[in-house]
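This is input.txt (compact mmCIF, C-alpha atoms).
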```txt
# COMPACT_ATOMS: atom_id res chain seq x y z
CA MET A 3 -152.32 87.49 -156.65
CA ARG A 4 -148.67 87.31 -155.74
CA THR A 5 -148.68 83.53 -156.23
CA LEU A 6 -150.29 83.95 -159.64
CA ALA A 7 -147.68 86.50 -160.64
CA ILE A 8 -144.89 84.13 -159.65
CA VAL A 9 -146.48 81.29 -161.64
CA LEU A 10 -146.86 83.51 -164.71
CA ALA A 11 -143.25 84.65 -164.40
CA LEU A 12 -142.05 81.07 -164.19
CA CYS A 13 -144.11 80.14 -167.24
CA ALA A 14 -142.70 83.08 -169.16
CA PHE A 15 -139.17 81.98 -168.22
CA SER A 16 -139.92 78.42 -169.29
CA VAL A 17 -141.18 79.60 -172.69
CA ALA A 18 -138.14 81.82 -173.13
CA ALA A 19 -135.85 78.92 -172.27
CA GLN A 20 -137.50 76.81 -174.95
CA GLU A 21 -137.21 79.42 -177.70
CA ASN A 22 -135.44 78.29 -180.85
CA VAL A 23 -132.49 80.61 -180.28
CA VAL A 24 -128.94 80.58 -179.00
CA ASN A 25 -127.42 83.65 -177.33
CA VAL A 26 -123.73 84.05 -178.12
CA TYR A 27 -121.32 86.42 -176.40
CA SER A 28 -118.35 86.78 -178.75
CA SER A 29 -115.12 88.74 -178.68
CA ARG A 30 -114.38 87.80 -182.29
CA HIS A 31 -114.93 90.92 -184.39
CA TYR A 32 -114.43 89.42 -187.84
CA LYS A 33 -116.94 90.17 -190.60
CA THR A 34 -116.54 86.68 -191.98
CA ASP A 35 -118.02 85.24 -188.78
CA GLU A 36 -121.40 86.50 -190.02
CA ALA A 37 -121.35 83.59 -192.45
CA LEU A 38 -120.89 81.21 -189.53
CA TYR A 39 -124.05 82.39 -187.81
CA GLU A 40 -126.07 82.46 -191.01
CA GLY A 41 -124.91 78.94 -191.88
CA PHE A 42 -125.91 77.61 -188.46
CA THR A 43 -129.40 79.15 -188.68
CA LYS A 44 -129.90 77.86 -192.21
CA LEU A 45 -128.90 74.35 -191.14
CA THR A 46 -130.78 74.13 -187.85
CA GLY A 47 -133.46 76.85 -187.88
CA ILE A 48 -131.98 78.16 -184.62
CA LYS A 49 -131.60 81.94 -184.55
CA VAL A 50 -128.29 83.32 -183.28
CA ASN A 51 -128.50 86.38 -181.06
CA ARG A 52 -125.04 87.87 -180.72
CA ILE A 53 -123.46 90.35 -178.36
CA GLU A 54 -119.91 91.44 -179.17
CA GLY A 55 -117.41 93.04 -176.87
CA GLY A 56 -113.87 92.96 -175.58
CA GLU A 57 -112.60 89.67 -174.19
CA ASP A 58 -112.25 90.70 -170.56
CA ALA A 59 -115.40 92.83 -170.66
CA LEU A 60 -117.54 89.91 -171.83
CA ILE A 61 -116.11 87.57 -169.21
CA GLU A 62 -116.87 90.16 -166.53
CA ARG A 63 -120.36 90.68 -167.93
CA VAL A 64 -121.20 86.99 -167.70
CA ARG A 65 -119.80 86.93 -164.18
CA ASN A 66 -121.88 89.91 -163.09
CA GLU A 67 -125.07 88.60 -164.69
CA GLY A 68 -124.77 85.40 -162.69
CA PRO A 69 -127.74 82.97 -162.78
CA ARG A 70 -129.82 85.58 -164.64
CA SER A 71 -127.46 85.69 -167.62
CA PRO A 72 -129.16 85.12 -170.98
CA ALA A 73 -125.86 84.01 -172.51
CA ASP A 74 -125.58 80.43 -173.76
CA VAL A 75 -122.12 80.43 -175.33
CA LEU A 76 -118.93 82.42 -174.81
CA ILE A 77 -116.58 82.65 -177.81
CA THR A 78 -113.18 84.24 -177.32
CA VAL A 79 -109.58 84.09 -178.49
CA ASP A 80 -106.61 82.42 -176.79
CA ALA A 81 -106.66 79.49 -174.39
CA GLY A 82 -105.48 81.85 -171.68
CA ARG A 83 -108.75 83.77 -171.73
CA LEU A 84 -110.83 80.59 -171.88
CA TRP A 85 -108.90 79.37 -168.84
CA ARG A 86 -109.71 82.62 -167.01
CA ALA A 87 -113.41 82.12 -167.67
CA GLU A 88 -113.12 78.50 -166.54
CA GLN A 89 -111.44 79.55 -163.29
CA LEU A 90 -114.35 81.89 -162.59
CA GLY A 91 -116.74 78.94 -162.89
CA LEU A 92 -118.49 80.35 -165.96
CA PHE A 93 -118.58 77.17 -168.08
CA GLN A 94 -120.35 73.84 -167.72
CA PRO A 95 -118.84 70.59 -169.01
CA VAL A 96 -120.09 69.29 -172.35
CA LYS A 97 -119.98 65.64 -173.37
CA SER A 98 -120.28 65.42 -177.14
CA LYS A 99 -119.15 62.54 -179.32
CA ALA A 100 -119.08 64.90 -182.30
CA LEU A 101 -116.77 67.40 -180.61
CA GLU A 102 -114.49 64.70 -179.19
CA ALA A 103 -114.23 63.02 -182.59
CA ARG A 104 -113.59 66.22 -184.55
CA ILE A 105 -111.39 68.29 -182.24
CA PRO A 106 -107.95 66.89 -181.37
CA GLU A 107 -107.38 66.31 -177.67
CA SER A 108 -104.63 68.94 -177.42
CA PHE A 109 -107.02 71.67 -178.58
CA ARG A 110 -109.76 71.18 -175.96
CA GLU A 111 -110.01 71.38 -172.19
CA PRO A 112 -109.74 67.82 -170.85
CA GLY A 113 -112.97 68.07 -168.83
CA GLY A 114 -115.05 69.40 -171.73
CA GLN A 115 -115.32 72.94 -170.31
CA TRP A 116 -114.25 74.56 -173.59
CA PHE A 117 -113.11 73.66 -177.09
CA GLY A 118 -110.82 75.16 -179.71
CA PHE A 119 -112.31 75.77 -183.15
CA SER A 120 -109.56 77.61 -185.02
CA LEU A 121 -105.80 77.51 -184.80
CA ARG A 122 -103.15 80.23 -184.87
CA ALA A 123 -99.37 79.84 -184.81
CA ARG A 124 -96.92 82.18 -183.05
CA VAL A 125 -94.32 82.66 -185.77
CA ILE A 126 -91.06 84.59 -185.97
CA ALA A 127 -91.05 87.37 -188.56
CA TYR A 128 -87.83 88.92 -189.84
CA ASN A 129 -86.68 91.68 -192.17
CA LYS A 130 -85.39 89.89 -195.28
CA ALA A 131 -82.87 92.66 -195.99
CA LYS A 132 -81.23 92.31 -192.56
CA VAL A 133 -81.64 88.67 -191.61
CA ARG A 134 -80.62 85.65 -193.69
CA ALA A 135 -83.13 82.87 -194.29
CA GLY A 136 -82.48 80.19 -191.67
CA GLU A 137 -80.49 82.54 -189.42
CA ILE A 138 -83.05 82.19 -186.65
CA GLN A 139 -84.99 78.97 -186.17
CA SER A 140 -86.24 78.86 -182.56
CA TYR A 141 -87.85 80.99 -179.87
CA GLU A 142 -84.82 80.37 -177.65
CA GLU A 143 -82.56 82.16 -180.15
CA LEU A 144 -84.42 85.42 -179.59
CA ALA A 145 -82.53 85.65 -176.30
CA ASP A 146 -79.12 85.29 -177.97
CA PRO A 147 -76.98 88.46 -177.47
CA LYS A 148 -76.44 88.60 -181.26
CA TRP A 149 -79.94 90.08 -181.46
CA LYS A 150 -79.28 92.88 -178.99
CA GLY A 151 -81.14 96.01 -180.08
CA ARG A 152 -82.83 94.09 -182.91
CA VAL A 153 -86.01 92.62 -181.37
CA CYS A 154 -89.53 94.10 -181.19
CA MET A 155 -92.11 92.55 -178.85
CA ARG A 156 -95.53 93.26 -177.41
CA SER A 157 -96.21 93.97 -173.76
CA SER A 158 -95.73 91.14 -171.28
CA THR A 159 -99.35 91.50 -170.16
CA ASN A 160 -100.61 90.58 -173.63
CA VAL A 161 -102.29 87.19 -173.46
CA TYR A 162 -100.41 85.94 -176.55
CA ASN A 163 -97.09 86.53 -174.80
CA LEU A 164 -98.39 85.00 -171.58
CA SER A 165 -99.41 81.87 -173.46
CA LEU A 166 -96.05 81.64 -175.25
CA MET A 167 -94.32 81.89 -171.90
CA GLY A 168 -96.69 79.24 -170.56
CA ALA A 169 -95.48 76.86 -173.26
CA LEU A 170 -91.82 77.70 -172.59
CA ILE A 171 -92.30 77.02 -168.88
CA ASP A 172 -93.63 73.58 -169.69
CA HIS A 173 -90.86 72.76 -172.16
CA LEU A 174 -87.86 74.41 -170.50
CA GLY A 175 -88.76 74.69 -166.83
CA GLU A 176 -89.26 77.97 -164.97
CA ALA A 177 -85.58 78.79 -164.46
CA LYS A 178 -84.67 78.51 -168.14
CA ALA A 179 -87.88 80.24 -169.19
CA GLU A 180 -86.98 83.19 -166.96
CA SER A 181 -83.47 83.28 -168.39
CA TRP A 182 -85.04 83.41 -171.86
CA ALA A 183 -87.30 86.31 -170.88
CA LYS A 184 -84.35 88.19 -169.41
CA GLY A 185 -82.36 87.70 -172.61
CA VAL A 186 -85.18 88.85 -174.88
CA ARG A 187 -85.80 91.86 -172.65
CA ALA A 188 -82.12 92.82 -173.03
CA ASN A 189 -82.38 92.51 -176.82
CA LEU A 190 -85.35 94.85 -177.31
CA ALA A 191 -84.92 97.63 -179.84
CA GLN A 192 -87.67 99.66 -178.15
CA GLU A 193 -90.02 99.43 -175.20
CA PRO A 194 -92.91 97.01 -175.82
CA LYS A 195 -95.89 98.75 -177.42
CA GLY A 196 -98.66 98.12 -179.93
CA GLY A 197 -100.19 94.98 -181.33
CA ASP A 198 -98.92 92.25 -183.63
CA THR A 199 -99.48 94.32 -186.77
CA ASP A 200 -97.42 97.15 -185.25
CA GLN A 201 -94.54 94.74 -184.62
CA LEU A 202 -94.66 93.50 -188.22
CA MET A 203 -94.74 97.02 -189.64
CA ALA A 204 -91.78 97.95 -187.43
CA VAL A 205 -89.81 95.01 -188.82
CA ALA A 206 -90.74 95.94 -192.38
CA ALA A 207 -89.68 99.56 -191.75
CA GLY A 208 -86.31 98.48 -190.33
CA GLN A 209 -87.01 99.73 -186.80
CA CYS A 210 -86.10 96.23 -185.61
CA ASP A 211 -85.04 93.03 -187.35
CA VAL A 212 -87.17 90.29 -185.77
CA THR A 213 -90.42 89.87 -183.85
CA VAL A 214 -93.08 87.29 -183.06
CA SER A 215 -96.64 87.42 -184.33
CA ASN A 216 -99.69 85.29 -184.92
CA GLN A 217 -99.50 84.21 -188.55
CA TYR A 218 -102.85 85.68 -189.53
CA TYR A 219 -101.62 89.24 -188.95
CA TYR A 220 -98.97 88.64 -191.59
CA ALA A 221 -101.54 86.97 -193.84
CA ARG A 222 -103.76 90.06 -193.60
CA LEU A 223 -100.89 92.24 -194.80
CA ALA A 224 -100.06 89.82 -197.60
CA ARG A 225 -103.70 89.68 -198.76
CA SER A 226 -104.33 93.40 -198.27
CA GLU A 227 -105.43 95.65 -201.11
CA LYS A 228 -103.48 98.55 -199.58
CA PRO A 229 -100.13 98.98 -201.37
CA ASP A 230 -98.18 99.93 -198.22
CA GLU A 231 -99.37 96.84 -196.35
CA LYS A 232 -98.69 94.53 -199.26
CA GLN A 233 -95.20 96.03 -199.68
CA ALA A 234 -94.55 95.57 -195.95
CA ALA A 235 -95.43 91.87 -196.23
CA GLU A 236 -93.01 91.50 -199.15
CA ARG A 237 -90.14 92.74 -196.94
CA ILE A 238 -90.91 90.17 -194.24
CA GLY A 239 -89.86 86.54 -193.99
CA ILE A 240 -91.71 84.05 -191.79
CA VAL A 241 -90.21 81.25 -189.68
CA PHE A 242 -92.12 78.45 -187.98
CA PRO A 243 -89.90 78.04 -184.91
CA ASN A 244 -88.66 74.91 -183.15
CA GLN A 245 -89.18 72.49 -186.00
CA LYS A 246 -86.24 70.45 -184.67
CA SER A 247 -87.63 70.24 -181.12
CA TRP A 248 -91.20 70.43 -179.80
CA GLY A 249 -92.69 72.37 -182.71
CA THR A 250 -94.17 75.82 -183.23
CA HIS A 251 -96.29 77.23 -180.41
CA VAL A 252 -99.96 77.19 -181.40
CA ASN A 253 -103.04 78.60 -179.73
CA ILE A 254 -106.77 78.61 -180.38
CA SER A 255 -109.90 80.63 -180.73
CA GLY A 256 -112.66 78.72 -178.98
CA GLY A 257 -115.65 78.64 -176.73
CA GLY A 258 -117.84 76.77 -174.31
CA VAL A 259 -121.38 76.46 -173.00
CA LEU A 260 -121.98 78.78 -170.09
CA LYS A 261 -123.02 77.47 -166.68
CA ASN A 262 -126.45 79.12 -166.67
CA ALA A 263 -127.22 78.71 -170.38
CA PRO A 264 -131.02 78.91 -170.84
CA HIS A 265 -130.79 77.14 -174.23
CA ARG A 266 -128.25 74.42 -173.46
CA ASP A 267 -129.24 72.01 -176.25
CA ALA A 268 -129.02 74.77 -178.86
CA ALA A 269 -125.68 75.86 -177.40
CA VAL A 270 -124.21 72.36 -177.77
CA LYS A 271 -125.52 72.18 -181.34
CA PHE A 272 -123.84 75.52 -182.04
CA LEU A 273 -120.47 74.26 -180.77
CA GLU A 274 -120.84 71.09 -182.82
CA TYR A 275 -121.59 73.22 -185.89
CA LEU A 276 -118.37 75.19 -185.33
CA ALA A 277 -116.51 71.90 -185.70
CA SER A 278 -118.21 71.08 -189.01
CA ASP A 279 -116.36 71.23 -192.33
CA GLU A 280 -118.40 74.25 -193.43
CA ALA A 281 -117.64 76.32 -190.34
CA GLN A 282 -114.01 75.25 -190.22
CA ARG A 283 -113.48 76.55 -193.76
CA TYR A 284 -114.93 79.93 -192.77
CA PHE A 285 -112.26 80.26 -190.08
CA ALA A 286 -109.49 79.50 -192.57
CA ASP A 287 -110.69 81.29 -195.68
CA GLY A 288 -112.15 84.28 -193.88
CA ASN A 289 -109.73 85.05 -191.06
CA ASN A 290 -106.52 83.29 -192.10
CA GLU A 291 -106.71 80.78 -189.23
CA TRP A 292 -106.19 77.05 -189.62
CA PRO A 293 -109.03 74.64 -188.89
CA VAL A 294 -108.51 72.49 -185.81
CA VAL A 295 -110.09 69.59 -187.71
CA ALA A 296 -107.35 67.57 -189.37
CA ASN A 297 -106.91 67.05 -193.12
CA LEU A 298 -109.50 69.61 -194.17
CA ARG A 299 -108.90 71.21 -197.55
CA ILE A 300 -108.95 75.02 -197.44
CA ASP A 301 -108.84 77.80 -200.04
CA ASN A 302 -106.42 80.36 -198.64
CA PRO A 303 -103.31 81.04 -200.76
CA VAL A 304 -101.26 82.57 -197.94
CA LEU A 305 -101.94 79.75 -195.49
CA SER A 306 -101.24 77.24 -198.25
CA SER A 307 -97.93 78.95 -199.03
CA PHE A 308 -96.72 78.20 -195.50
CA GLY A 309 -96.93 74.46 -196.15
CA ASP A 310 -96.97 71.86 -193.41
CA PHE A 311 -95.15 72.45 -190.14
CA LYS A 312 -94.60 70.67 -186.86
CA ARG A 313 -97.02 71.93 -184.20
CA ASP A 314 -96.52 71.85 -180.46
CA ARG A 315 -98.79 69.08 -179.12
CA LEU A 316 -98.95 70.53 -175.63
CA ASN A 317 -102.57 70.67 -174.46
CA VAL A 318 -103.60 74.33 -174.70
CA ALA A 319 -105.18 74.19 -171.22
CA VAL A 320 -101.61 74.18 -169.86
CA LEU A 321 -101.09 77.65 -171.30
CA GLY A 322 -103.81 78.96 -169.02
CA ARG A 323 -102.65 77.10 -165.94
CA ASN A 324 -99.14 78.55 -166.39
CA GLN A 325 -100.43 82.09 -166.89
CA PRO A 326 -99.89 83.37 -163.31
CA ASN A 327 -96.30 82.13 -163.27
CA SER A 328 -95.77 83.56 -166.76
CA GLN A 329 -96.67 87.05 -165.58
CA LYS A 330 -94.47 86.72 -162.50
CA ILE A 331 -91.49 85.83 -164.68
CA TYR A 332 -92.06 88.79 -166.99
CA ASP A 333 -92.39 91.10 -163.97
CA ARG A 334 -89.16 89.84 -162.43
CA VAL A 335 -87.18 90.63 -165.60
CA ALA A 336 -88.87 94.05 -165.95
CA TRP A 337 -90.52 93.20 -169.26
CA LYS A 338 -93.25 95.84 -169.25
```

Final C-alpha cells representation of the file:
Amino acid sequence: MRTLAIVLALCAFSVAAQENVVNVYSSRHYKTDEALYEGFTKLTGIKVNRIEGGEDALIERVRNEGPRSPADVLITVDAGRLWRAEQLGLFQPVKSKALEARIPESFREPGGQWFGFSLRARVIAYNKAKVRAGEIQSYEELADPKWKGRVCMRSSTNVYNLSLMGALIDHLGEAKAESWAKGVRANLAQEPKGGDTDQLMAVAAGQCDVTVSNQYYYARLARSEKPDEKQAAERIGIVFPNQKSWGTHVNISGGGVLKNAPHRDAAVKFLEYLASDEAQRYFADGNNEWPVVANLRIDNPVLSSFGDFKRDRLNVAVLGRNQPNSQKIYDRVAWK
C-alpha cells in the first residue's frame, strides 16, 4: 500500500508539473502589470498564478520552500536584489536566443541567471527656484561643500543607494567613492528618511534644494491628477547626471527562472514574453519605466519629454557584486 501511495503521489506531481500554468512570485505592485499577465495568457494559453510580496520576503520564501517550492519565476526590482537571490542559489541559468537578441548585454546577468526587462535612471532633482539650470551636472558634485545643508537623500541601506554606490566604486575606485559618500553625508539638510517620493516632495517644498530619485517617481507626480503632486512636479527640475563622463546610472526591474521551477518551459516562455514589444510598452506606458529593448516607440509624454540621454553601460550585475563594499563605505562615513 505504501508503494502504491508513493507511485500515486509521484504521478500527481508529474501531472501538476505538466499543467499549462506558470507560477510567478513578484514584488512589483503595479496595477498595469495585470495587462502583462493577461497578454501572456492570451498569447500562449498559459495561466499565470501570481503571488505578490515584499522583495526580501519573497526571496526568503523561495529559500525556505526549497525543492518543494511551486514558484517558477521571481520578478523583482533592482539588480542588487536579483544578485542577492542569485547568491542564495535560487536561479537556474537560461539559454534563450530570443532573450539574448532582445536584451542588451549590460542589462542581463552574464551567465543567464536573470534578465532586466525595464529600465530606470537615477536622476538628480532640484528646486527650480533655488538652483539654476545646469548648476549641477554630476553625482560627484553632490559632495561639493557648496551644497552643504542643501541635500536630501534616502537611507544608505536602501538598495537604490547601494546600487548607485556600486557604480561609483567601479568608476571612481573605493577611496574616491568613500570620499564622495563622506562629502554627501556632510551636505545633508536632514537625516535620511522616507522614499524617493518623499525626497522629491521635500525638494519641492524647499526643505532641501537637491536630491536623487528614480525618474518614474517624478513622472508619477507629473502625471498625477492630484493638484498638490502636479504642482510639486512643476517646481522640480530634472538632470540626467554625468553626460560628459560615463553616463547616468541606470538600473533594472527583472527576473529569472527559479532553480526548482516545476514549469520550466512555461517560465522561459514568460521571460521571453516580457522582452516582447507588447510587454515592453506596458512597462513604459504603465509605470513610467523605459523598455530595455532598443529603439522601441513608446507613448508616455513625460518619458518622451526627457529626450535621449547617455546611459552608463556598466553591466548591472556589477552593482550587486559591489553591494557589500557599498554598505561598508556608507557605514564608515556614518550615513544612516

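Compared by their closest atoms to Lys184 of chain A, and using only C-alpha atoms, the residues A:Val304, A:Ala169, A:Ile48, A:Val335 rank with A:Val335 nearest.
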
Using all atoms listed in the file: which of A:Gly56, A:Gly185, A:Gly197, A:Gly239 has the shortest distance to Tyr332 of chain A: A:Gly185

Point-to-point distance from atom CA of Pro194 of chain A to atom CA of Arg156 of chain A, Å rounded to tenths: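 Answer for the atom CA of Pro194 of chain A to atom CA of Arg156 of chain A separation: 4.8 Å.
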
Atom CA of Asn290 of chain A to atom CA of Tyr218 of chain A, distance in Å rounded to a single decimal: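 Computed distance, atom CA of Asn290 of chain A to atom CA of Tyr218 of chain A, equals 5.1 Å.
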
Point-to-point distance from atom CA of Cys210 of chain A to atom CA of Asp146 of chain A, Å rounded to tenths: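 Between atom CA of Cys210 of chain A and atom CA of Asp146 of chain A the gap works out to 15.1 Å.
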
From A:Arg122, A:Lys44, A:Arg315, A:Arg70, residue lying nearest Ala221 of chain A [all atoms listed in the file]: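 With all atoms listed in the file as the atom set, the closest residue is A:Arg122.
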
Residue among A:Trp182, A:Leu164, A:Leu38, A:Leu276 lying closest to Lys330 of chain A, counting all atoms listed in the file: A:Leu164

Residue nearest Val241 of chain A - candidates A:Gly288, A:Gly136, A:Pro293, A:Gly151, atoms counted: all atoms listed in the file: A:Gly136

Once 5 Å is added on each side, what centre and edge lengths in Å to one decimal does the axis-aligned box around all listed atoms of segment 186-193 of chain A have, as JSON?
```
{"center_x": -86.1, "center_y": 94.3, "center_z": -176.2, "size_x": 17.9, "size_y": 20.8, "size_z": 17.2}
```

Polymer residues at most 10 Å from segment 58-64 of chain A, all atoms listed in the file, same-chain spacing of 4 or more positions, as number ranges by chain: A: 27-29, 53-54, 68-74, 76-78, 83-84, 86-88, 90, 92, 260-262

Go ahead and save the picked residues with C-alpha atoms, as a CSV table (one decimal), in the frame of the given file.
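Saved the output as again-v6.csv:
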```csv
chain,number,residue,atom,x,y,z
A,27,TYR,CA,-121.3,86.4,-176.4
A,28,SER,CA,-118.4,86.8,-178.8
A,29,SER,CA,-115.1,88.7,-178.7
A,53,ILE,CA,-123.5,90.4,-178.4
A,54,GLU,CA,-119.9,91.4,-179.2
A,68,GLY,CA,-124.8,85.4,-162.7
A,69,PRO,CA,-127.7,83.0,-162.8
A,70,ARG,CA,-129.8,85.6,-164.6
A,71,SER,CA,-127.5,85.7,-167.6
A,72,PRO,CA,-129.2,85.1,-171.0
A,73,ALA,CA,-125.9,84.0,-172.5
A,74,ASP,CA,-125.6,80.4,-173.8
A,76,LEU,CA,-118.9,82.4,-174.8
A,77,ILE,CA,-116.6,82.6,-177.8
A,78,THR,CA,-113.2,84.2,-177.3
A,83,ARG,CA,-108.8,83.8,-171.7
A,84,LEU,CA,-110.8,80.6,-171.9
A,86,ARG,CA,-109.7,82.6,-167.0
A,87,ALA,CA,-113.4,82.1,-167.7
A,88,GLU,CA,-113.1,78.5,-166.5
A,90,LEU,CA,-114.4,81.9,-162.6
A,92,LEU,CA,-118.5,80.4,-166.0
A,260,LEU,CA,-122.0,78.8,-170.1
A,261,LYS,CA,-123.0,77.5,-166.7
A,262,ASN,CA,-126.4,79.1,-166.7
```

Shortest interatomic distance to Pro326 of chain A - which of A:Phe93, A:Trp149, A:Ser158, A:Glu236, counting only C-alpha atoms: A:Ser158

Counting only C-alpha atoms, which residues of segment 83-155 of chain A fall within 12 Å of segment 318-325 of chain A, and what is the closest atom pair for each with its distance in Å at one decimal, ordered by chain and rising number, as a Markdown table?
```
| residue | atom | partner | partner_atom | distance |
| --- | --- | --- | --- | --- |
| A:Arg83 | CA | A:Gly322 | CA | 7.4 |
| A:Leu84 | CA | A:Gly322 | CA | 7.8 |
| A:Trp85 | CA | A:Gly322 | CA | 5.1 |
| A:Arg86 | CA | A:Gly322 | CA | 7.2 |
| A:Ala87 | CA | A:Gly322 | CA | 10.2 |
| A:Glu88 | CA | A:Gly322 | CA | 9.6 |
| A:Gln89 | CA | A:Arg323 | CA | 9.5 |
| A:Pro106 | CA | A:Val318 | CA | 10.9 |
| A:Glu107 | CA | A:Val318 | CA | 9.4 |
| A:Ser108 | CA | A:Val318 | CA | 6.1 |
| A:Phe109 | CA | A:Val318 | CA | 5.8 |
| A:Arg110 | CA | A:Val318 | CA | 7.0 |
| A:Glu111 | CA | A:Ala319 | CA | 5.7 |
| A:Pro112 | CA | A:Ala319 | CA | 7.8 |
| A:Gly113 | CA | A:Ala319 | CA | 10.2 |
| A:Gly114 | CA | A:Ala319 | CA | 11.0 |
| A:Gln115 | CA | A:Ala319 | CA | 10.3 |
| A:Trp116 | CA | A:Ala319 | CA | 9.4 |
| A:Phe117 | CA | A:Val318 | CA | 9.8 |
| A:Gly118 | CA | A:Val318 | CA | 8.8 |
| A:Leu121 | CA | A:Val318 | CA | 10.8 |
| A:Arg122 | CA | A:Val318 | CA | 11.8 |
```

Residues near Ser120 of chain A, anyone? I mean within 7 Å using all atoms listed in the file, not counting same-chain ones fewer than 5 positions away, as a short mmCIF file (atom, residue, chain, number, x, y, z; two decimals) with C-alpha atoms, in the coordinates of the input.
```cif
data_model
loop_
_atom_site.label_atom_id
_atom_site.label_comp_id
_atom_site.auth_asym_id
_atom_site.auth_seq_id
_atom_site.Cartn_x
_atom_site.Cartn_y
_atom_site.Cartn_z
CA ILE A 254 -106.77 78.61 -180.38
CA SER A 255 -109.90 80.63 -180.73
CA GLY A 256 -112.66 78.72 -178.98
CA PHE A 285 -112.26 80.26 -190.08
CA GLU A 291 -106.71 80.78 -189.23
CA TRP A 292 -106.19 77.05 -189.62
CA PRO A 293 -109.03 74.64 -188.89
CA VAL A 294 -108.51 72.49 -185.81
#
```

Generate a file for segment 60-66 of chain A, containing all heavy atoms, as a PDB file, in the first residue's frame.
```pdb
ATOM      1  N   LEU A  60       9.873  37.747  -0.396  1.00  0.00           N
ATOM      2  CA  LEU A  60       9.701  36.739  -1.440  1.00  0.00           C
ATOM      3  C   LEU A  60      10.974  35.926  -1.634  1.00  0.00           C
ATOM      4  O   LEU A  60      10.920  34.702  -1.828  1.00  0.00           O
ATOM      5  CB  LEU A  60       9.307  37.408  -2.758  1.00  0.00           C
ATOM      6  CG  LEU A  60       7.858  37.885  -2.874  1.00  0.00           C
ATOM      7  CD1 LEU A  60       7.631  38.548  -4.225  1.00  0.00           C
ATOM      8  CD2 LEU A  60       6.874  36.741  -2.683  1.00  0.00           C
ATOM      9  N   ILE A  61      12.116  36.591  -1.588  1.00  0.00           N
ATOM     10  CA  ILE A  61      13.384  35.871  -1.716  1.00  0.00           C
ATOM     11  C   ILE A  61      13.524  34.862  -0.578  1.00  0.00           C
ATOM     12  O   ILE A  61      13.908  33.707  -0.792  1.00  0.00           O
ATOM     13  CB  ILE A  61      14.563  36.864  -1.724  1.00  0.00           C
ATOM     14  CG1 ILE A  61      14.573  37.652  -3.043  1.00  0.00           C
ATOM     15  CG2 ILE A  61      15.902  36.139  -1.529  1.00  0.00           C
ATOM     16  CD1 ILE A  61      15.585  38.772  -3.086  1.00  0.00           C
ATOM     17  N   GLU A  62      13.178  35.284   0.625  1.00  0.00           N
ATOM     18  CA  GLU A  62      13.267  34.382   1.777  1.00  0.00           C
ATOM     19  C   GLU A  62      12.252  33.245   1.664  1.00  0.00           C
ATOM     20  O   GLU A  62      12.535  32.102   2.053  1.00  0.00           O
ATOM     21  CB  GLU A  62      13.044  35.177   3.070  1.00  0.00           C
ATOM     22  CG  GLU A  62      13.366  34.408   4.343  1.00  0.00           C
ATOM     23  CD  GLU A  62      14.829  33.992   4.441  1.00  0.00           C
ATOM     24  OE1 GLU A  62      15.679  34.651   3.805  1.00  0.00           O
ATOM     25  OE2 GLU A  62      15.112  33.000   5.143  1.00  0.00           O
ATOM     26  N   ARG A  63      11.087  33.535   1.112  1.00  0.00           N
ATOM     27  CA  ARG A  63      10.075  32.497   0.943  1.00  0.00           C
ATOM     28  C   ARG A  63      10.559  31.402   0.001  1.00  0.00           C
ATOM     29  O   ARG A  63      10.419  30.220   0.292  1.00  0.00           O
ATOM     30  CB  ARG A  63       8.775  33.115   0.426  1.00  0.00           C
ATOM     31  CG  ARG A  63       7.689  32.088   0.133  1.00  0.00           C
ATOM     32  CD  ARG A  63       6.355  32.734  -0.133  1.00  0.00           C
ATOM     33  NE  ARG A  63       5.340  31.738  -0.443  1.00  0.00           N
ATOM     34  CZ  ARG A  63       4.031  31.966  -0.409  1.00  0.00           C
ATOM     35  NH1 ARG A  63       3.582  33.155  -0.068  1.00  0.00           N
ATOM     36  NH2 ARG A  63       3.173  31.008  -0.697  1.00  0.00           N
ATOM     37  N   VAL A  64      11.117  31.819  -1.138  1.00  0.00           N
ATOM     38  CA  VAL A  64      11.639  30.836  -2.087  1.00  0.00           C
ATOM     39  C   VAL A  64      12.742  30.012  -1.431  1.00  0.00           C
ATOM     40  O   VAL A  64      12.810  28.780  -1.591  1.00  0.00           O
ATOM     41  CB  VAL A  64      12.179  31.522  -3.356  1.00  0.00           C
ATOM     42  CG1 VAL A  64      12.839  30.494  -4.275  1.00  0.00           C
ATOM     43  CG2 VAL A  64      11.051  32.233  -4.096  1.00  0.00           C
ATOM     44  N   ARG A  65      13.576  30.673  -0.687  1.00  0.00           N
ATOM     45  CA  ARG A  65      14.683  29.980   0.002  1.00  0.00           C
ATOM     46  C   ARG A  65      14.148  28.951   0.986  1.00  0.00           C
ATOM     47  O   ARG A  65      14.645  27.811   1.046  1.00  0.00           O
ATOM     48  CB  ARG A  65      15.548  31.016   0.713  1.00  0.00           C
ATOM     49  CG  ARG A  65      16.772  30.439   1.405  1.00  0.00           C
ATOM     50  CD  ARG A  65      17.488  31.540   2.173  1.00  0.00           C
ATOM     51  NE  ARG A  65      18.726  31.071   2.763  1.00  0.00           N
ATOM     52  CZ  ARG A  65      19.485  31.788   3.581  1.00  0.00           C
ATOM     53  NH1 ARG A  65      19.128  33.026   3.897  1.00  0.00           N
ATOM     54  NH2 ARG A  65      20.599  31.295   4.083  1.00  0.00           N
ATOM     55  N   ASN A  66      13.155  29.323   1.755  1.00  0.00           N
ATOM     56  CA  ASN A  66      12.600  28.412   2.760  1.00  0.00           C
ATOM     57  C   ASN A  66      11.827  27.247   2.138  1.00  0.00           C
ATOM     58  O   ASN A  66      11.822  26.138   2.676  1.00  0.00           O
ATOM     59  CB  ASN A  66      11.695  29.180   3.727  1.00  0.00           C
ATOM     60  CG  ASN A  66      12.473  30.121   4.635  1.00  0.00           C
ATOM     61  OD1 ASN A  66      13.661  29.903   4.890  1.00  0.00           O
ATOM     62  ND2 ASN A  66      11.818  31.166   5.120  1.00  0.00           N
TER      63      ASN A  66
END
```
